[in-house]
>>> print(open('model30.cif').read())   # mmCIF, C-alpha atoms and all ligand atoms
data_input
#
loop_
_atom_site.label_atom_id
_atom_site.label_comp_id
_atom_site.auth_asym_id
_atom_site.auth_seq_id
_atom_site.Cartn_x
_atom_site.Cartn_y
_atom_site.Cartn_z
CA MET A 1 99.37 13.97 111.71
CA GLN A 2 102.43 16.15 111.69
CA PHE A 3 103.26 18.46 114.56
CA GLU A 4 105.87 20.83 113.19
CA GLY A 5 106.70 23.52 115.71
CA PHE A 6 105.26 21.65 118.68
CA ALA A 7 107.91 19.84 120.71
CA GLY A 8 107.72 16.84 123.04
CA ASN A 9 104.37 15.37 124.14
CA ALA A 10 104.84 12.09 122.29
CA ALA A 11 101.89 10.31 123.93
CA LEU A 12 99.57 13.22 123.26
CA LYS A 13 100.67 13.35 119.63
CA THR A 14 100.08 9.63 119.20
CA ALA A 15 96.58 9.89 120.68
CA LEU A 16 95.63 12.89 118.54
CA SER A 17 97.13 11.36 115.39
CA ALA A 18 95.26 8.10 115.90
CA ALA A 19 91.94 9.86 116.44
CA PHE A 20 92.53 12.17 113.50
CA SER A 21 93.46 9.36 111.11
CA ARG A 22 90.32 7.42 111.99
CA ARG A 23 88.24 10.61 111.69
CA ARG A 24 87.38 10.20 115.33
CA LEU A 25 88.57 13.52 116.70
CA PRO A 26 86.04 14.68 119.31
CA HIS A 27 84.07 17.77 118.32
CA THR A 28 85.25 19.62 121.42
CA LEU A 29 88.84 19.47 122.62
CA LEU A 30 90.23 21.09 125.73
CA LEU A 31 93.97 21.58 125.63
CA GLN A 32 95.12 22.32 129.16
CA GLY A 33 98.54 23.25 130.48
CA GLU A 34 100.59 26.12 131.85
CA THR A 35 101.52 29.18 129.80
CA GLY A 36 104.42 28.70 127.40
CA LEU A 37 103.89 25.03 126.53
CA GLY A 38 102.51 25.60 123.03
CA LYS A 39 98.79 24.98 123.53
CA ARG A 40 97.87 27.63 120.97
CA THR A 41 100.43 26.29 118.55
CA LEU A 42 98.95 22.81 118.91
CA ALA A 43 95.39 24.15 118.51
CA GLN A 44 96.38 25.78 115.26
CA ILE A 45 98.14 22.66 114.00
CA LEU A 46 94.93 20.71 114.64
CA ALA A 47 92.90 23.39 112.89
CA ARG A 48 95.18 23.31 109.87
CA ALA A 49 95.08 19.52 109.77
CA ALA A 50 91.28 19.64 109.85
CA VAL A 51 91.10 21.78 106.69
CA CYS A 52 94.14 20.28 104.90
CA THR A 53 93.17 18.76 101.56
CA CYS A 54 96.10 16.34 101.43
CA GLU A 55 94.82 12.78 100.91
CA ASP A 56 97.18 11.09 103.33
CA ARG A 57 95.88 12.09 106.75
CA ASP A 58 99.14 11.01 108.35
CA LEU A 59 100.80 13.94 106.59
CA ALA A 60 98.26 16.58 107.58
CA PRO A 61 98.75 19.48 107.90
CA CYS A 62 100.86 18.99 104.77
CA GLY A 63 101.89 22.64 104.66
CA VAL A 64 101.77 22.82 100.87
CA CYS A 65 98.15 22.43 99.77
CA PRO A 66 96.25 25.70 99.14
CA ALA A 67 94.20 25.17 102.33
CA CYS A 68 97.32 24.77 104.46
CA ILE A 69 98.93 27.82 102.91
CA ARG A 70 95.87 29.96 103.58
CA ALA A 71 95.52 28.58 107.08
CA LYS A 72 99.14 29.30 107.88
CA ALA A 73 98.71 32.86 106.63
CA GLY A 74 95.69 33.20 108.91
CA SER A 75 93.29 33.67 106.01
CA HIS A 76 91.44 30.36 105.78
CA PRO A 77 87.72 31.24 105.89
CA ASP A 78 86.77 28.17 107.91
CA ILE A 79 89.22 28.64 110.76
CA ARG A 80 88.31 31.22 113.39
CA ILE A 81 90.58 32.26 116.18
CA VAL A 82 88.68 33.61 119.17
CA THR A 83 90.72 35.50 121.74
CA GLY A 84 89.95 37.48 124.85
CA SER A 85 89.32 41.19 124.84
CA GLY A 86 88.78 44.06 127.23
CA LYS A 87 90.39 44.65 130.59
CA SER A 88 90.01 41.08 131.79
CA ASN A 89 91.21 39.80 128.42
CA THR A 90 88.54 37.14 128.50
CA ILE A 91 86.25 35.80 125.76
CA SER A 92 83.28 38.14 125.45
CA VAL A 93 79.62 37.17 125.19
CA ALA A 94 79.53 38.93 121.82
CA SER A 95 82.35 36.70 120.55
CA VAL A 96 80.49 33.61 121.69
CA ASP A 97 77.29 34.83 119.99
CA GLU A 98 79.25 35.21 116.80
CA VAL A 99 80.70 31.70 117.10
CA ILE A 100 77.23 30.26 117.62
CA ARG A 101 75.79 32.07 114.62
CA ASP A 102 78.70 31.06 112.49
CA ALA A 103 78.84 27.42 113.55
CA TYR A 104 75.44 26.70 112.03
CA LYS A 105 76.49 28.02 108.66
CA LYS A 106 78.06 25.79 106.03
CA PRO A 107 81.83 25.99 105.83
CA GLU A 108 83.06 27.95 102.84
CA GLU A 109 85.92 25.82 101.57
CA ALA A 110 86.60 22.89 103.86
CA ASP A 111 84.03 20.42 105.12
CA ILE A 112 84.45 21.69 108.64
CA ASN A 113 84.21 24.90 110.67
CA VAL A 114 87.05 25.11 113.15
CA TYR A 115 87.06 27.38 116.19
CA CYS A 116 90.24 27.89 118.16
CA ILE A 117 89.08 29.48 121.39
CA PHE A 118 91.97 30.81 123.45
CA ALA A 119 90.42 30.92 126.89
CA GLU A 120 93.39 30.93 129.28
CA ASN A 121 91.76 33.75 131.21
CA PRO A 122 88.72 32.53 133.15
CA MET A 123 85.41 33.01 131.35
CA PRO A 124 82.42 34.27 133.32
CA GLU A 125 79.65 31.74 133.87
CA ILE A 126 77.27 33.57 131.58
CA THR A 127 79.72 33.18 128.68
CA GLN A 128 80.29 29.53 129.48
CA ASN A 129 76.58 28.82 129.62
CA LYS A 130 76.16 30.34 126.18
CA LEU A 131 78.99 28.20 124.87
CA LEU A 132 77.47 25.16 126.45
CA LYS A 133 74.46 25.41 124.15
CA VAL A 134 76.53 25.00 121.02
CA ILE A 135 78.78 22.34 122.55
CA GLU A 136 75.85 20.31 123.85
CA GLU A 137 74.40 19.86 120.43
CA PRO A 138 77.22 20.71 118.13
CA PRO A 139 76.38 21.47 114.51
CA THR A 140 77.69 18.77 112.20
CA GLY A 141 81.08 19.64 110.84
CA ALA A 142 82.14 21.92 113.69
CA LEU A 143 85.30 21.50 115.69
CA PHE A 144 85.92 23.48 118.87
CA ILE A 145 89.42 23.61 120.26
CA PHE A 146 89.81 25.38 123.58
CA THR A 147 93.11 26.28 125.19
CA VAL A 148 92.91 26.67 128.97
CA LEU A 149 95.36 26.67 131.86
CA SER A 150 93.24 24.06 133.57
CA ALA A 151 90.04 22.32 132.54
CA ASP A 152 88.90 22.82 136.12
CA ALA A 153 88.39 26.50 135.34
CA LEU A 154 85.40 25.50 133.17
CA LEU A 155 81.94 24.47 134.24
CA PRO A 156 81.62 20.71 134.77
CA THR A 157 78.87 20.75 132.16
CA ILE A 158 81.35 21.95 129.53
CA ARG A 159 84.13 19.66 130.73
CA SER A 160 81.93 16.61 130.50
CA ARG A 161 81.15 17.31 126.86
CA ALA A 162 84.74 17.75 125.83
CA GLN A 163 87.81 15.59 125.70
CA VAL A 164 90.63 16.96 127.82
CA PHE A 165 94.25 16.73 126.62
CA THR A 166 97.10 17.81 128.86
CA VAL A 167 100.09 19.55 127.30
CA ARG A 168 103.37 19.00 129.15
CA PRO A 169 106.86 20.43 128.79
CA PRO A 170 109.22 18.36 126.63
CA GLU A 171 112.40 16.84 128.10
CA GLU A 172 114.85 19.60 128.96
CA SER A 173 117.36 18.32 126.41
CA GLU A 174 114.72 18.39 123.67
CA ALA A 175 113.61 21.89 124.70
CA ALA A 176 117.22 23.08 124.58
CA VAL A 177 117.73 21.72 121.06
CA TYR A 178 114.45 23.29 119.93
CA VAL A 179 115.35 26.73 121.30
CA GLN A 180 118.90 26.49 120.00
CA ASN A 181 117.61 25.70 116.49
CA LYS A 182 115.03 28.45 116.60
CA THR A 183 117.22 31.25 117.91
CA GLY A 184 120.77 30.19 117.09
CA MET A 185 121.85 30.91 120.68
CA PRO A 186 124.80 28.86 121.98
CA MET A 187 123.78 25.37 123.18
CA GLU A 188 125.19 26.04 126.62
CA GLU A 189 122.87 29.01 127.03
CA ALA A 190 119.87 27.04 125.74
CA GLU A 191 120.61 24.25 128.21
CA LYS A 192 120.77 26.70 131.09
CA LEU A 193 117.42 28.18 130.10
CA ALA A 194 115.91 24.70 129.74
CA SER A 195 116.98 23.77 133.23
CA LEU A 196 115.82 27.10 134.69
CA HIS A 197 112.38 26.85 133.08
CA ARG A 198 112.08 23.05 133.24
CA GLY A 199 111.68 22.72 129.49
CA ASN A 200 108.94 25.35 129.14
CA ILE A 201 109.84 26.55 125.64
CA GLY A 202 107.67 29.68 125.71
CA ARG A 203 109.31 30.88 128.90
CA MET A 204 112.76 29.94 127.61
CA LEU A 205 112.22 31.96 124.45
CA SER A 206 110.97 35.07 126.19
CA ASP A 207 113.63 34.90 128.88
CA GLY A 208 116.24 34.23 126.21
CA GLU A 209 115.08 37.26 124.23
CA ASN A 210 115.30 39.57 127.23
CA GLY A 211 118.64 38.14 128.22
CA ARG A 212 119.99 38.60 124.71
CA ALA A 213 118.78 42.19 124.46
CA ALA A 214 120.64 42.94 127.69
CA LYS A 215 123.70 41.10 126.38
CA ALA A 216 123.71 43.12 123.14
CA GLU A 217 123.38 46.34 125.13
CA GLN A 218 126.31 45.39 127.32
CA MET A 219 128.35 44.37 124.28
CA ALA A 220 127.74 47.77 122.64
CA GLU A 221 128.84 49.59 125.79
CA ASP A 222 131.94 47.42 126.14
CA ILE A 223 132.90 48.16 122.53
CA ALA A 224 132.32 51.90 123.03
CA ASN A 225 134.44 51.91 126.19
CA ALA A 226 137.26 49.99 124.53
CA LEU A 227 137.08 52.39 121.60
CA VAL A 228 137.63 55.50 123.66
CA SER A 229 139.93 54.30 126.40
CA GLY A 230 141.44 50.98 125.41
CA THR A 231 143.96 49.50 123.03
CA GLU A 232 143.10 47.43 119.99
CA HIS A 233 143.77 44.43 122.19
CA ASP A 234 141.06 45.60 124.62
CA LEU A 235 138.68 46.00 121.74
CA LEU A 236 139.45 42.48 120.51
CA ALA A 237 138.87 41.14 124.01
CA ALA A 238 135.56 42.99 124.30
CA THR A 239 134.30 41.65 120.98
CA ALA A 240 135.61 38.10 121.39
CA PRO A 241 132.22 36.68 122.55
CA LEU A 242 130.73 37.69 119.18
CA ILE A 243 132.93 35.17 117.39
CA LYS A 244 131.20 32.32 119.19
CA ASP A 245 127.76 33.90 119.31
CA LYS A 246 126.98 34.79 115.73
CA PRO A 247 123.32 35.82 116.25
CA LEU A 248 124.39 38.40 118.85
CA PHE A 249 126.35 40.38 116.26
CA PRO A 250 123.63 42.35 114.42
CA GLU A 251 121.83 43.37 117.59
CA SER A 252 125.09 44.48 119.19
CA MET A 253 125.86 46.56 116.10
CA GLU A 254 122.41 48.10 116.23
CA ARG A 255 122.90 49.09 119.88
CA LEU A 256 126.36 50.44 119.15
CA GLN A 257 124.95 52.50 116.31
CA LEU A 258 122.40 54.02 118.70
CA LEU A 259 125.16 54.95 121.15
CA LEU A 260 127.20 56.54 118.39
CA ARG A 261 124.18 58.43 117.09
CA ASP A 262 123.39 59.74 120.55
CA ALA A 263 127.01 60.83 120.91
CA CYS A 264 126.70 62.71 117.57
CA LEU A 265 123.63 64.52 118.90
CA LEU A 266 125.42 65.46 122.11
CA LYS A 267 128.38 66.67 120.08
CA ASN A 268 126.06 68.94 118.13
CA ASN A 269 124.65 70.23 121.42
CA VAL A 270 121.25 68.86 120.63
CA ASN A 271 119.32 68.67 123.84
CA VAL A 272 118.09 65.08 123.96
CA GLN A 273 117.40 62.43 126.53
CA VAL A 274 120.19 59.90 126.10
CA PRO A 275 119.62 56.52 127.80
CA ALA A 276 123.29 55.55 128.18
CA ARG A 277 124.52 59.02 129.13
CA GLU A 278 127.85 58.12 130.65
CA VAL A 279 129.25 56.14 127.75
CA CYS A 280 127.81 58.55 125.17
CA ASP A 281 129.51 61.44 126.97
CA LYS A 282 132.80 59.59 126.76
CA LEU A 283 132.34 59.02 123.04
CA ARG A 284 131.47 62.70 122.55
CA ARG A 285 134.53 63.93 124.44
CA LYS A 286 137.09 61.57 122.93
CA LEU A 287 136.01 61.31 119.30
CA SER A 288 135.51 63.83 116.51
CA LEU A 289 132.13 64.19 114.87
CA LYS A 290 133.64 62.82 111.68
CA ALA A 291 134.91 59.73 113.46
CA LEU A 292 131.58 59.19 115.20
CA MET A 293 129.73 59.35 111.91
CA ALA A 294 132.20 57.04 110.20
CA LEU A 295 131.85 54.54 113.04
CA CYS A 296 128.08 54.76 112.75
CA GLU A 297 128.27 53.80 109.09
CA MET A 298 130.70 51.07 109.92
CA THR A 299 128.16 49.27 112.14
CA ALA A 300 125.76 49.11 109.21
CA LYS A 301 128.47 47.99 106.82
CA TYR A 302 129.62 45.16 109.07
CA THR A 303 126.05 44.03 109.69
CA GLU A 304 125.76 43.69 105.93
CA TYR A 305 128.97 41.59 105.84
CA TRP A 306 127.52 39.48 108.64
CA ARG A 307 124.37 38.95 106.62
CA ARG A 308 126.47 37.64 103.75
CA ASN A 309 127.66 34.92 106.09
CA ALA A 310 131.20 36.08 106.69
CA ASN A 311 133.62 34.08 108.80
CA MET A 312 133.02 35.44 112.31
CA ALA A 313 136.65 35.48 113.48
CA LEU A 314 137.76 37.39 110.37
CA LEU A 315 134.75 39.71 110.52
CA VAL A 316 135.29 40.68 114.17
CA THR A 317 139.04 41.15 113.73
CA ALA A 318 138.54 43.37 110.69
CA LEU A 319 135.87 45.37 112.49
CA CYS A 320 138.16 45.99 115.47
CA ALA A 321 141.04 47.10 113.28
CA GLU A 322 138.90 49.47 111.23
CA MET A 323 137.13 50.91 114.24
CA LYS A 324 140.33 51.50 116.15
CA GLU A 325 141.91 53.19 113.14
CA THR A 326 138.90 55.48 112.66
CA ALA A 327 138.69 56.29 116.37
CA GLY A 328 142.38 57.18 116.43
CA LYS A 329 142.05 59.73 113.67
ZN ZN A 401 97.57 20.64 103.50
#
>>> encode(input="model30.cif", output="C-alpha cells", more="lines below")
Ligand SMILES: [Zn+2]
Amino acid sequence: MQFEGFAGNAALKTALSAAFSRRRLPHTLLLQGETGLGKRTLAQILARAAVCTCEDRDLAPCGVCPACIRAKAGSHPDIRIVTGSGKSNTISVASVDEVIRDAYKKPEEADINVYCIFAENPMPEITQNKLLKVIEEPPTGALFIFTVLSADALLPTIRSRAQVFTVRPPEESEAAVYVQNKTGMPMEEAEKLASLHRGNIGRMLSDGENGRAAKAEQMAEDIANALVSGTEHDLLAATAPLIKDKPLFPESMERLQLLLRDACLLKNNVNVQVPAREVCDKLRRKLSLKALMALCEMTAKYTEYWRRNANMALLVTALCAEMKETAGK
C-alpha cells in the first residue's frame, strides 16, 4: 500500500500494508488517536486502496486508475463517508440506518462497499447498538473504518469485533519537513511548530495558518506605516522578511490592499467600519486619493509578478521603490 499524505507511523503502515496485500484486512477497523494526527486521511487512503483497480496491491491506491480518481474526487459510488451532525456533531441513528440498508446491497463498481465513519464525538449507546448488528454479522464485501479519539469510547461489544490501530504523531523532524513542504513556510518556523505541538501535523497546520494570517496583517501595517512616515530605507527594512518568506508575500499584499481600500473609503467620507482604523487614518491623511488607488493596483500587480516566480529580492526592492515614489507624489 501507499500512504501519500499520511506521515510517520511506520509500524502501522507495515501492518496495514501486509494485511491489505494478503487480502486479510479485517472488516472493521478502528483508527484511534488524538485530533490532528491524520486518522481521517488514513481512513480515506484505506478506502481508496480498497476500490483501486490497480493489479499490484503494493501500489494501491495508485492514484491514476479511474476508481482512484473518482474516489479522490469524493464521487466513488462505493465509498461512503459518514460524519456527525446536529448540535452534538455525532453520528445519527438515521445515518446508521442508512449504512445498514446500504451495506447489504451489491457494490456498484468495486467489489466492496466501504464506510468511513468519522466518530470522534461519542456516539450514544442506541446508535452503537444499531451499528453492532451490522458489525456482528457483516455483509460480505463490506469494510467499516471508524475514526475515534479512543476505542474505549465504544461499547466493548463493538471493540471486540474490530481491530484497533493506534495513530501516533510522526517524529518532530519528519512533521516539520512535511509541514514545510506543504505550506512553504520557513523550516525554522516549521521546526518550532513541530516542537510546540509534538509533531501533531493537524495542529501545526492550523496554528501555522493562524500565525501566518497574523504575520501578513502585521506586515501590511508595517508597510503602510513606513509608506506614510518613513524613508525608503524604512520601507525596505519593513519588507525584508518577505524576501526570505516567499509564501507570505501574496497574503501580505492582499492585507495591504484592504488597508488601502479602506483608506480610500475614508477619504471619500464613506461611513464604514474600518478594522485597522489608526493606520487607515494615517494613510488617508498623508496620501492623495490618486496615490491610494495607484498603490492599491500596485499590490495586485506585484502579486502577479510573484505568481510568475520572480526573484524575491528584486521583486521586493522594486515594489518598495515604486511604492515610495507613488506615495511621494
Ligand atoms: Zn487506483
>>> residues_near_point(input="model30.cif", point="(125.5, 36.9, 115.5)", cutoff="12 Å", atoms="only C-alpha atoms", output="MDAnalysis selection string")
chainID A and resid 183:186 212 215:216 219 239:254 302:313 315:316
>>> closest_residue(input="model30.cif", among="A:Glu217, A:Asp56, A:Asp102, A:Glu189", to="ligand ZN 401 (chain A)", atoms="only C-alpha atoms and all ligand atoms")
A:Asp56
>>> residues_near_ligand(input="model30.cif", ligand="ligand ZN 401 (chain A)", cutoff="7 Å", atoms="only C-alpha atoms and all ligand atoms", output="PyMOL selection string")
chain A and resi 49+52-54+60-68
>>> residues_around(input="model30.cif", residues="His76 (chain A)", least_positions_apart="5", cutoff="10 Å", atoms="only C-alpha atoms", output="list in words")
Arg48, Val51, Pro66, Ala67, Cys68, Ile69, Arg70, Ala71, Glu108, Glu109 and Ala110 of chain A
>>> axis_aligned_box(input="model30.cif", around="region 86-103 of chain A", padding_each_side="3 Å", output="lines of an AutoDock Vina configuration file")
center_x = 83.5
center_y = 36.0
center_z = 122.1
size_x = 21.4
size_y = 23.2
size_z = 25.3
>>> closest_atom_pairs(input="model30.cif", of="region 119-190 of chain A", to="region 2-17 of chain A", cutoff="9 Å", atoms="all atoms listed in the file", output="tab-separated table")
residue	atom	partner	partner_atom	distance
A:Phe165	CA	A:Leu12	CA	7.2
A:Thr166	CA	A:Leu12	CA	7.7
A:Val167	CA	A:Asn9	CA	6.8
A:Arg168	CA	A:Asn9	CA	6.3
A:Pro169	CA	A:Gly8	CA	6.8
A:Pro170	CA	A:Gly8	CA	4.2
A:Glu171	CA	A:Gly8	CA	6.9
A:Glu174	CA	A:Gly8	CA	7.2
A:Ala175	CA	A:Ala7	CA	7.3
A:Tyr178	CA	A:Ala7	CA	7.4
>>> atom_distance(input="model30.cif", atom1="CA of Pro138 (chain A)", atom2="CA of Asn89 (chain A)")
25.8 Å
>>> closest_atom_pairs(input="model30.cif", of="region 10-90 of chain A", to="region 140-150 of chain A", cutoff="8 Å", atoms="all atoms listed in the file", output="tab-separated table")
residue	atom	partner	partner_atom	distance
A:Pro26	CA	A:Leu143	CA	7.8
A:His27	CA	A:Leu143	CA	4.7
A:Thr28	CA	A:Phe144	CA	4.7
A:Leu29	CA	A:Ile145	CA	4.8
A:Leu30	CA	A:Phe146	CA	4.8
A:Leu31	CA	A:Thr147	CA	4.8
A:Gln32	CA	A:Val148	CA	4.9
A:Gly33	CA	A:Leu149	CA	4.9
A:Glu34	CA	A:Leu149	CA	5.3
A:Thr35	CA	A:Leu149	CA	7.0
A:Lys39	CA	A:Thr147	CA	6.1
A:Arg40	CA	A:Thr147	CA	6.5
A:Ala43	CA	A:Ile145	CA	6.2
>>> atom_distance(input="model30.cif", atom1="CA of Ala226 (chain A)", atom2="CA of Leu289 (chain A)")
17.9 Å
>>> atom_distance(input="model30.cif", atom1="CA of Gln163 (chain A)", atom2="CA of Ser85 (chain A)")
25.7 Å
>>> closest_residue(input="model30.cif", among="A:Leu37, A:Ile91, A:Cys280, A:Val96", to="Leu259 (chain A)", atoms="all atoms listed in the file")
A:Cys280
>>> residues_near_point(input="model30.cif", point="(93.9, 11.7, 112.9)", cutoff="9 Å", atoms="all atoms listed in the file", output="PDB file with C-alpha atoms, keeping the file's coordinate frame")
ATOM      1  CA  MET A   1      99.370  13.970 111.710  1.00  0.00           C
ATOM      2  CA  ALA A  15      96.580   9.890 120.680  1.00  0.00           C
ATOM      3  CA  LEU A  16      95.630  12.890 118.540  1.00  0.00           C
ATOM      4  CA  SER A  17      97.130  11.360 115.390  1.00  0.00           C
ATOM      5  CA  ALA A  18      95.260   8.100 115.900  1.00  0.00           C
ATOM      6  CA  ALA A  19      91.940   9.860 116.440  1.00  0.00           C
ATOM      7  CA  PHE A  20      92.530  12.170 113.500  1.00  0.00           C
ATOM      8  CA  SER A  21      93.460   9.360 111.110  1.00  0.00           C
ATOM      9  CA  ARG A  22      90.320   7.420 111.990  1.00  0.00           C
ATOM     10  CA  ARG A  23      88.240  10.610 111.690  1.00  0.00           C
ATOM     11  CA  ARG A  24      87.380  10.200 115.330  1.00  0.00           C
ATOM     12  CA  LEU A  25      88.570  13.520 116.700  1.00  0.00           C
ATOM     13  CA  ALA A  49      95.080  19.520 109.770  1.00  0.00           C
ATOM     14  CA  ALA A  50      91.280  19.640 109.850  1.00  0.00           C
ATOM     15  CA  ARG A  57      95.880  12.090 106.750  1.00  0.00           C
ATOM     16  CA  ASP A  58      99.140  11.010 108.350  1.00  0.00           C
ATOM     17  CA  ALA A  60      98.260  16.580 107.580  1.00  0.00           C
TER      18      ALA A  60
END
>>> closest_residue(input="model30.cif", among="A:Gln257, A:Thr41, A:Gln128, A:Ser160", to="Lys301 (chain A)", atoms="only C-alpha atoms")
A:Gln257
>>> closest_residue(input="model30.cif", among="A:Ile223, A:Ala327, A:Cys296, A:Ile201", to="Gly38 (chain A)", atoms="all atoms listed in the file")
A:Ile201
>>> residues_around(input="model30.cif", residues="Ser173 (chain A)", least_positions_apart="4", cutoff="9 Å", atoms="all atoms listed in the file", output="list of chain:residue names")
A:Val177, A:Tyr178, A:Glu191, A:Ala194, A:Ser195, A:Gly199
>>> closest_residue(input="model30.cif", among="A:Asn181, A:Asp97, A:Thr90, A:Leu131", to="Ala119 (chain A)", atoms="all atoms listed in the file")
A:Thr90
>>> build_atoms(input="model30.cif", residues="region 57-68 of chain A", atoms="N, CA and C atoms", output="compact mmCIF listing (two decimals), in the frame of the given file")
# COMPACT_ATOMS: atom_id res chain seq x y z
N ARG A 57 96.13 11.37 105.50
CA ARG A 57 95.88 12.09 106.75
C ARG A 57 97.06 12.05 107.70
N ASP A 58 97.95 11.06 107.50
CA ASP A 58 99.14 11.01 108.35
C ASP A 58 100.06 12.21 108.10
N LEU A 59 99.91 12.82 106.94
CA LEU A 59 100.80 13.94 106.59
C LEU A 59 100.20 15.30 106.93
N ALA A 60 98.93 15.31 107.32
CA ALA A 60 98.26 16.58 107.58
C ALA A 60 98.75 17.21 108.90
N PRO A 61 98.86 18.54 108.99
CA PRO A 61 98.75 19.48 107.90
C PRO A 61 99.99 19.43 107.00
N CYS A 62 99.75 19.24 105.70
CA CYS A 62 100.86 18.99 104.77
C CYS A 62 101.72 20.24 104.58
N GLY A 63 101.12 21.40 104.77
CA GLY A 63 101.89 22.64 104.66
C GLY A 63 102.01 23.17 103.24
N VAL A 64 101.59 22.37 102.26
CA VAL A 64 101.77 22.82 100.87
C VAL A 64 100.48 22.94 100.07
N CYS A 65 99.40 22.31 100.53
CA CYS A 65 98.15 22.43 99.77
C CYS A 65 97.61 23.86 99.96
N PRO A 66 96.74 24.32 99.03
CA PRO A 66 96.25 25.70 99.14
C PRO A 66 95.58 25.98 100.50
N ALA A 67 94.87 24.97 101.03
CA ALA A 67 94.20 25.17 102.33
C ALA A 67 95.22 25.42 103.44
N CYS A 68 96.28 24.60 103.43
CA CYS A 68 97.32 24.77 104.46
C CYS A 68 97.98 26.14 104.35
